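S.K.: Okay, handing you the structure first.
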Amino acid sequence: MDHTDATRLGACEKYLLGELPPSLRSEFEEHYFGCTVCAAELNSAALFLSASRQVLGETPVSARAEHLTSPARPWLAWFRPAFAVPALAALLLLIGYQNFLVIPHWKNLAARTDSPRLLHPPYVRVGVSRAAETAFQVPAGQPFDIFLDVPSAPPYQSFLFRIEDKSGVTRFSLPVPSSESGKAAVVQLPSNLAPGSYQLVLLGLSTSSLSGDEITRAPFLVVIPGQIEQH
Amino acid sequence: MELYSFDDAYVRRLREGDPSTETHFVAYFHQLLSIKLRARYLAMDTVDDLRQETMIRVIRALRSEGGIRQPERLGAFVNSVCNNVLQEHYRASSRSQPLEESQLENSGKVLNLEGLLISEETSKNVRRVLKSLPQRDRDLIRAIFFEERDKDDVCREFGVDRDYLRVLLHRAKDKFRQALGEDQIASATHGAGAR
């Protein structure tokens, strides 16, 4: 395909509309990589369309466009994006609120008793990384508290607390602001960790180390209650 | 915009690491590669990875023994390296998940150009262009490129044919180019390319 062919075919518009068959699409691509005129046309068209998406997203659908929906089935109008999307978003918010706030709150309350209990939460000390054989154990299905030494701030501006699974994949992360530095914080582990091996990691963040310096690493096991070893 | 032509001198400067030539090279091909890869409806992070891999391989080839034999075909070379990178990606993907024929061919959908960085200046000019269009044409563009509705359905609804859509896109593109000016298009797309 040369420039004359591309112009005659209206290749730029057809390409953007997804109307070129695969063979012509490849030919046009080979052409525009070598033709600065077609490359400029394509770039400007792509920029226009990309910006139009943003701009049109800011403006409501015109009254005329609304009249174009089929009058014979007005109830279908409720499924148009203008209605369906906000309704779906509201539903998702409600589901999220229930699943992530309300239900865990009540489950948490149910897990607590009305009378005092003696607890022995593990204590994760800064600069001391535990080995696998000293891993502490937490019961599955219940929230669990851990005492954590947050280091004094310099040289770090803030910290990041992370839970990694045995593959090293981060399951949860919790920013720890500099206001907590030098204090002993209590971190409550989520109750929905599946049984298995995990690592608790505390990272120090600074402008020179945006991905974080590892300060402390502590392995722990989530086990079925009743299988916890007594120390 | 300073005009560059892909010739011996350009390729030599690129091989030698001349900063302004490198900047032009990256900016020029970054956008074209993005458009080409998005025409395959790949995920954004896959587009970024494949684009980067293509650029790396081209630079490596330029700096290797023999380099690029036909500097005037540098663009075609970049395109063919991208094709190879795409094929490797498809082969690797099909090992873990069989690809249907239709995923590799043109699906008939409009290109997904979401995510290009748009400056306020560009947005302003696009608003101006859209405002200058008749209401029906504005709604057509919205239906096709924003709502991504089926083109045949939209054409039926608005009482137009596919040729009308192409002409509309062509006219809108030309108005936009006039509004923005050639230099600004270059810097707008180079700005997007620098992402």
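How things are named: the first chain in the structure tokens is A, the next is B, and so on; residues count from 1 in each chain; ligands count from 1 in the order shown.
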Contacts from chain A to chain B, 6 Å maximum, only C-alpha atoms: show me the residue list as a PDB file with C-alpha atoms, in the first residue's frame.
M.R.:
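Saved as result.pdb:
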ATOM      1  CA  GLU A  13     -10.623   6.407   9.184  1.00  0.00           C
ATOM      2  CA  LEU A  16      -9.725   3.674  13.544  1.00  0.00           C
ATOM      3  CA  LEU A  17     -13.254   2.387  12.984  1.00  0.00           C
ATOM      4  CA  GLY A  18     -11.956  -1.187  12.918  1.00  0.00           C
ATOM      5  CA  GLU A  19     -13.152  -1.672   9.369  1.00  0.00           C
ATOM      6  CA  PRO A  22      -6.562  -8.066   8.622  1.00  0.00           C
ATOM      7  CA  GLU A  30       3.502  -1.015   7.420  1.00  0.00           C
ATOM      8  CA  PHE A  33       5.274   3.472  10.062  1.00  0.00           C
ATOM      9  CA  GLY A  34       7.161   4.714   7.022  1.00  0.00           C
ATOM     10  CA  ALA A  45      -7.160  11.418  14.660  1.00  0.00           C
ATOM     11  CA  SER A  50      -9.119   9.903  22.827  1.00  0.00           C
ATOM     12  CA  ALA A  51      -9.818  13.478  23.940  1.00  0.00           C
ATOM     13  CA  ARG A  53     -14.026  10.276  24.933  1.00  0.00           C
TER      14      ARG A  53
END
S.K.: Do a neighbour search on segment 193-208 of chain A at 9 Å with only C-alpha atoms, toss out local chain neighbours closer than 3 positions, and write the hits as number ranges by chain.
M.R.: A: 124, 126, 139-142, 150-151, 153, 155-168, 171, 189-190, 211-224
S.K.: When you draw a straight line from atom CA of Thr36 of chain A to atom CA of Ala27 of chain B, how long is it in Å?
M.R.: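 Interatomic distance here is 13.2 Å.
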S.K.: What gap, in Å, lies between atom CA of Asp2 of chain A and atom CA of Val37 of chain A?
M.R.: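 Here the two named atoms are 11.5 Å from each other.
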S.K.: I'd like the interatomic distance between atom CA of Leu62 of chain B and atom CA of Ala46 of chain A, to a tenth of an Å.
M.R.: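 Those two atoms sit 28.7 Å apart.
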S.K.: Hey, which of B:Asp48, B:Val26, B:Thr21, B:Lys131 ends up closest to Asp7 of chain B? Count only C-alpha atoms.
M.R.: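 That would be B:Thr21, the residue with the smallest distance to Asp7 of chain B.
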S.K.: Considering only C-alpha atoms, return as a list in words whatever protein or nucleic-acid residues lie within 8 Å of Val186 of chain A, sequence-local ones (same chain, fewer than 6 positions apart) excluded.
M.R.: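 My list of contacting residues is Asp145, Ile146, Phe147 and Leu148 of chain A.
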S.K.: Residues of the last selection are to be written out with N, CA and C atoms, as a short mmCIF file (atom, residue, chain, number, x, y, z; two decimals), in the first residue's frame.
M.R.:
data_model
loop_
_atom_site.label_atom_id
_atom_site.label_comp_id
_atom_site.auth_asym_id
_atom_site.auth_seq_id
_atom_site.Cartn_x
_atom_site.Cartn_y
_atom_site.Cartn_z
N ASP A 145 -4.33 -10.00 67.15
CA ASP A 145 -3.55 -8.78 67.37
C ASP A 145 -2.07 -9.11 67.50
N ILE A 146 -1.26 -8.21 66.95
CA ILE A 146 0.19 -8.35 67.05
C ILE A 146 0.76 -7.02 67.51
N PHE A 147 1.67 -7.07 68.49
CA PHE A 147 2.38 -5.86 68.88
C PHE A 147 3.54 -5.66 67.91
N LEU A 148 3.69 -4.43 67.47
CA LEU A 148 4.74 -4.14 66.49
C LEU A 148 5.49 -2.90 66.93
#
